[in-house]
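Structure file run.txt with compact mmCIF, C-alpha atoms and all ligand atoms:
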```
# COMPACT_ATOMS: atom_id res chain seq x y z
CA ASP S 205 16.36 -6.85 50.63
CA ASP S 206 16.45 -3.35 52.21
CA ARG S 207 20.24 -3.42 52.52
CA PHE S 208 20.70 -3.05 48.77
CA CYS S 209 18.95 0.33 48.51
CA VAL S 210 19.88 2.76 51.26
CA VAL S 211 19.84 6.52 50.75
CA GLY S 212 21.25 8.85 53.44
CA GLY S 213 21.52 5.91 55.83
CA LYS S 214 17.81 5.11 55.51
CA PRO S 215 16.30 2.16 53.59
CA PHE S 216 14.70 3.64 50.47
CA LYS S 217 11.66 1.46 51.10
CA LYS S 218 10.88 3.60 54.18
CA THR S 219 11.19 6.81 52.14
CA ILE S 220 8.74 5.40 49.59
CA GLU S 221 6.25 4.40 52.29
CA GLU S 222 6.38 7.91 53.80
CA ALA S 223 6.03 9.65 50.43
CA ALA S 224 3.14 7.39 49.43
CA ALA S 225 1.18 7.75 52.67
CA LYS S 226 -1.09 10.55 51.38
CA ALA S 227 -0.78 9.92 47.64
CA ALA S 228 -4.03 9.52 45.70
CA ALA S 229 -2.23 7.29 43.21
CA ILE S 230 1.33 6.19 42.59
CA ILE S 231 2.90 5.78 39.16
CA ALA S 232 5.59 3.10 39.01
CA VAL S 233 7.98 4.08 36.23
CA GLY S 234 9.90 1.45 34.27
CA ALA S 235 10.45 -2.30 34.47
CA CYS S 236 12.32 -2.23 37.81
CA ALA S 237 9.80 -0.05 39.66
CA THR S 238 6.81 -2.00 38.36
CA TYR S 239 7.74 -5.66 38.70
CA GLY S 240 11.37 -5.82 39.83
CA GLY S 241 13.07 -5.94 36.42
CA ILE S 242 16.77 -6.78 36.38
CA PRO S 243 17.24 -6.28 40.17
CA ALA S 244 14.67 -9.04 40.78
CA ALA S 245 17.09 -11.41 39.03
CA THR S 246 19.98 -10.49 41.35
CA PRO S 247 20.76 -11.34 45.00
CA SER S 248 19.07 -8.03 45.99
CA LYS S 249 15.70 -9.64 45.07
CA GLY S 250 14.28 -6.26 44.08
CA VAL S 251 10.48 -6.01 43.89
CA GLY S 252 8.01 -3.63 42.29
CA ILE S 253 6.34 -0.78 44.18
CA GLY S 254 3.04 -2.68 44.30
CA LYS S 255 4.58 -5.34 46.55
CA ILE S 256 5.59 -2.80 49.22
CA LEU S 257 2.50 -0.59 49.09
CA PRO S 258 -0.47 -2.96 49.38
CA GLY S 259 -3.86 -1.30 49.15
CA LYS S 260 -2.59 1.76 47.26
CA THR S 261 -3.66 2.69 43.74
CA ILE S 262 -0.58 1.83 41.68
CA ILE S 263 -0.37 2.59 37.97
CA ASN S 264 2.32 0.39 36.44
CA LEU S 265 4.24 1.72 33.44
CA PRO S 266 6.78 -1.00 32.62
CA THR S 267 9.20 -1.28 29.68
CA CYS S 268 12.88 -0.58 29.93
CA PRO S 269 13.06 2.38 29.83
CA VAL S 270 9.57 3.77 30.33
CA HIS S 271 8.04 5.25 27.18
CA HIS S 272 7.73 9.02 27.60
CA ASP S 273 4.28 8.97 25.96
CA HIS S 274 3.08 6.46 28.55
CA LEU S 275 4.34 8.62 31.39
CA SER S 276 3.14 12.01 30.14
CA GLY S 277 -0.17 10.53 28.95
CA THR S 278 -0.84 8.89 32.31
CA ILE S 279 -0.04 12.06 34.27
CA LEU S 280 -2.25 14.14 31.97
CA TYR S 281 -5.06 11.61 32.23
CA PHE S 282 -4.95 11.81 36.01
CA LEU S 283 -4.75 15.61 36.06
CA THR S 284 -7.68 16.04 33.68
CA THR S 285 -10.00 13.34 35.05
CA GLY S 286 -8.91 13.02 38.68
CA LYS S 287 -8.69 9.25 38.41
CA ALA S 288 -6.41 6.50 37.17
CA PRO S 289 -6.99 5.21 33.63
CA ALA S 290 -8.53 1.76 33.20
CA LEU S 291 -5.92 -0.80 34.26
CA ASP S 292 -5.36 -4.43 33.31
CA LYS S 293 -5.02 -7.14 35.95
CA ILE S 294 -1.38 -6.29 36.59
CA GLY S 295 -1.96 -2.56 36.92
CA ARG S 296 -1.00 -1.35 33.42
CA PRO S 297 -3.12 1.21 31.55
CA VAL S 298 -5.16 -0.71 28.99
CA MET S 299 -4.83 2.21 26.58
CA TYR S 300 -1.10 1.43 26.25
CA PHE S 301 -0.85 -2.27 27.13
CA GLY S 302 -4.08 -3.72 25.76
CA GLU S 303 -2.65 -5.54 22.73
CA SER S 304 0.39 -7.75 22.28
CA ILE S 305 3.49 -6.82 20.31
CA HIS S 306 2.67 -9.83 18.12
CA ASP S 307 -0.83 -8.46 17.39
CA ASN S 308 0.68 -5.49 15.57
CA CYS S 309 4.10 -6.72 14.40
CA ARG S 310 4.76 -6.25 10.70
CA ARG S 311 6.58 -9.63 10.69
CA ARG S 312 3.39 -11.36 11.77
CA GLY S 313 2.74 -12.73 8.28
CA GLN S 314 6.17 -14.40 8.39
CA PHE S 315 5.32 -15.99 11.76
CA ASP S 316 2.04 -17.28 10.34
CA ALA S 317 3.87 -18.62 7.26
CA GLY S 318 6.57 -20.32 9.37
CA LYS S 319 9.40 -18.18 8.04
CA PHE S 320 11.72 -17.85 11.01
CA LEU S 321 15.02 -15.99 10.86
CA THR S 322 17.93 -18.17 11.96
CA ASP S 323 20.85 -16.21 10.45
CA TRP S 324 21.08 -12.45 10.80
CA ASN S 325 23.77 -12.47 8.07
CA ASP S 326 21.49 -13.96 5.42
CA PRO S 327 19.90 -11.07 3.44
CA LYS S 328 17.02 -13.39 2.39
CA GLN S 329 15.91 -13.70 6.01
CA LYS S 330 16.15 -10.00 6.84
CA GLU S 331 12.41 -9.44 7.35
CA TRP S 332 11.52 -12.87 8.73
CA CYS S 333 10.00 -13.52 12.14
CA LEU S 334 12.42 -13.42 15.08
CA ILE S 335 10.86 -16.16 17.21
CA GLN S 336 13.90 -18.46 16.81
CA LYS S 337 16.04 -15.53 17.97
CA GLY S 338 14.11 -15.33 21.24
CA CYS S 339 11.25 -12.95 20.41
CA LYS S 340 8.70 -12.82 23.28
CA GLY S 341 6.27 -10.62 21.29
CA PRO S 342 3.37 -13.10 21.43
CA MET S 343 3.46 -13.03 25.25
CA THR S 344 4.20 -9.32 25.65
CA TYR S 345 1.51 -6.68 25.93
CA ALA S 346 2.58 -3.14 24.94
CA ASP S 347 2.03 -0.77 22.04
CA CYS S 348 5.68 -0.49 20.85
CA ALA S 349 4.84 -1.88 17.40
CA ILE S 350 2.40 1.00 16.82
CA ARG S 351 3.72 3.86 18.96
CA ARG S 352 7.38 2.96 18.36
CA TRP S 353 10.24 4.82 20.05
CA ASN S 354 12.33 7.96 19.53
CA ALA S 355 9.43 10.02 18.17
CA GLY S 356 8.09 7.11 16.15
CA ILE S 357 11.35 6.32 14.35
CA ASN S 358 11.69 2.61 15.17
CA PHE S 359 11.30 -0.13 17.73
CA CYS S 360 13.15 -3.30 18.73
CA ILE S 361 11.78 -5.71 16.11
CA ASP S 362 11.90 -3.30 13.19
CA CYS S 363 15.60 -2.82 13.73
CA GLY S 364 16.15 -6.57 13.80
CA SER S 365 16.17 -7.32 17.52
CA PRO S 366 13.62 -9.63 19.16
CA CYS S 367 11.15 -8.29 21.71
CA GLN S 368 12.56 -9.23 25.12
CA GLY S 369 9.30 -8.83 27.01
CA CYS S 370 10.34 -5.79 29.03
CA ALA S 371 6.67 -4.86 29.54
CA GLU S 372 5.96 -8.10 31.42
CA PRO S 373 6.48 -9.09 35.08
CA GLY S 374 8.79 -11.95 34.03
CA PHE S 375 11.38 -9.54 32.66
CA TYR S 376 14.37 -10.09 33.09
CA ALA S 377 14.86 -13.55 34.57
CA ASP S 378 12.09 -15.41 32.71
CA MET S 379 13.12 -13.93 29.36
CA THR S 380 16.64 -15.36 29.27
CA PRO S 381 18.41 -16.53 27.22
CA LEU S 382 17.58 -13.42 25.22
CA TYR S 383 18.68 -14.35 21.71
CA THR S 384 17.69 -18.00 21.36
CA ALA S 385 14.35 -19.80 21.67
CA GLU S 386 15.54 -21.80 24.70
CA SER S 387 13.61 -19.96 27.44
CA GLU S 388 10.48 -21.60 28.82
CA ILE S 389 8.44 -18.70 27.41
CA SER S 390 9.85 -19.23 23.91
CA LYS S 391 9.17 -22.96 24.14
CA LYS S 392 5.61 -22.23 25.21
CA ILE S 393 5.07 -19.80 22.31
CA LEU S 394 6.34 -22.36 19.79
CA ALA S 395 4.21 -25.12 21.35
CA MET S 396 1.15 -22.88 21.18
CA ARG S 397 1.85 -22.14 17.53
CA GLU S 398 2.20 -25.85 16.77
CA SER S 399 -1.13 -26.55 18.50
CA GLY S 400 -2.90 -23.77 16.58
CA LEU S 401 -3.44 -21.74 19.75
CA ILE S 402 -2.03 -18.62 18.10
CA PRO S 403 -4.46 -18.03 15.25
CA LYS S 404 -3.22 -16.61 11.97
CA LYS S 405 -3.92 -12.94 11.45
CA GLU S 406 -5.85 -11.96 8.37
CA ASN S 407 -4.39 -9.49 5.83
CA THR S 408 -0.73 -9.81 6.83
S1 LIG S 501 7.17 -13.61 17.14
FE1 LIG S 501 8.06 -11.56 17.35
S2 LIG S 501 9.00 -11.07 15.35
FE2 LIG S 501 7.62 -12.83 15.07
S3 LIG S 501 5.70 -11.90 14.40
FE3 LIG S 501 5.55 -12.17 16.62
S4 LIG S 501 6.24 -10.25 17.52
FE4 LIG S 501 6.90 -10.26 15.36
S1 LIG S 502 9.32 -4.27 21.80
FE1 LIG S 502 9.40 -5.60 23.60
S2 LIG S 502 11.53 -5.44 24.38
FE2 LIG S 502 11.18 -3.72 22.94
S3 LIG S 502 10.57 -2.01 24.27
FE3 LIG S 502 8.67 -3.01 23.56
S4 LIG S 502 8.15 -4.54 25.15
FE4 LIG S 502 10.29 -3.91 25.47
```
What would the structure in this file look like if it were written as structure tokens?
Amino acid sequence: DDRFCVVGGKPFKKTIEEAAAKAAAIIAVGACATYGGIPAATPSKGVGIGKILPGKTIINLPTCPVHHDHLSGTILYFLTTGKAPALDKIGRPVMYFGESIHDNCRRRGQFDAGKFLTDWNDPKQKEWCLIQKGCKGPMTYADCAIRRWNAGINFCIDCGSPCQGCAEPGFYADMTPLYTAESEISKKILAMRESGLIPKKENT
């Protein structure tokens, strides 16, 4: 809804359309700009840039916030090659969003073994899989588990917090409740595990 984003008396959507008119490519930065993020879950019904600029080359860099490596790497790629990097079907660079969080999570062995953390206060469970605490890692494609954040220091799961899927179009509304396995996505992940549709990973 245009009324929720007005700058200098002008709907910001118009400013974006004018700025984008001659752009060779547009980089959408962060969960809100790419797919709507938290504003999409509010009465403002915010949408991603791709929805208001049909036909334009849009490079989507979700996550909340954007990862600075993703942004600088994408700009450098464009400047050095003159084209957008290879994109997946929702416009994300495959070089950053080609594998799931679950593919590279160091708790993956615990998921495969059925060891699910239910009590953050129990030291025995400290390294167990966070699926029962709402982890969306199996349905979330991003390289956080490898690249990590803050110059490689850590990322959500390694500091004990489930992945909330901020790299996916369903973030935020589809990912709630955040810290239980009651969302439809969490139920789907658990059902897929039960049916053997999430194969065990070797050497974890
Ligand atoms: S469900 Fe989450 S915490 Fe568990 S192994 Fe997968 S990504 Fe890691
Ligand atoms: S681990 Fe998940 S919630 Fe955390 S930044 Fe990456 S995609 Fe977002």
Open item on the list: Could you list, as a PyMOL selection string, all residues that come within 6 Å of ligand LIG 501 (chain S)? Count all atoms listed in the file.
Closed with: chain S and resi 305-306+309+311-312+315+333-335+339+341-342
Step by step, measure atom-to-atom distances between ligand LIG 502 (chain S) and each residue using all atoms listed in the file, keep those at most 6 Å, then write them as an mmCIF file with C-alpha atoms, in the frame of the given file.
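Below you can see result-v9.cif, which holds the result:
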```cif
data_model
loop_
_atom_site.group_PDB
_atom_site.id
_atom_site.type_symbol
_atom_site.label_atom_id
_atom_site.label_comp_id
_atom_site.auth_asym_id
_atom_site.auth_seq_id
_atom_site.Cartn_x
_atom_site.Cartn_y
_atom_site.Cartn_z
ATOM 1 C CA THR S 267 9.200 -1.280 29.680
ATOM 2 C CA ALA S 346 2.580 -3.140 24.940
ATOM 3 C CA CYS S 348 5.680 -0.490 20.850
ATOM 4 C CA CYS S 360 13.150 -3.300 18.730
ATOM 5 C CA CYS S 367 11.150 -8.290 21.710
ATOM 6 C CA GLN S 368 12.560 -9.230 25.120
ATOM 7 C CA GLY S 369 9.300 -8.830 27.010
ATOM 8 C CA CYS S 370 10.340 -5.790 29.030
ATOM 9 C CA ALA S 371 6.670 -4.860 29.540
#
```
Open item on the list: My list of candidates is S:Leu291, S:Ala385, S:Ile357, S:Leu265. Which is closest to Leu321 in chain S when distances are computed with only C-alpha atoms?
Closed with: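 Ranked by minimum distance to Leu321 in chain S, first place goes to S:Ala385.
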- [ ] Compile the contact shell of Gln329 in chain S as an NGL selection string: residues with an atom at most 9 Å away, counting only C-alpha atoms, same-chain residues fewer than 5 positions apart removed.
- [x] :S and (319-324)
Task: For CA of Phe282 in chain S and CA of Tyr300 in chain S, the interatomic separation in Å (one decimal) - done: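 Between CA of Phe282 in chain S and CA of Tyr300 in chain S the gap works out to 14.8 Å.
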Open item on the list: Neighbouring residues of Gly286 in chain S were defined as those with any atom within 10 Å, considering all atoms listed in the file; residues of the same chain fewer than 5 positions away were excluded. Please report them as a list in words.
Closed with: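 Near neighbours after the sequence-gap exclusion: Ala228, Ala229, Ile279, Leu280 and Tyr281 of chain S.
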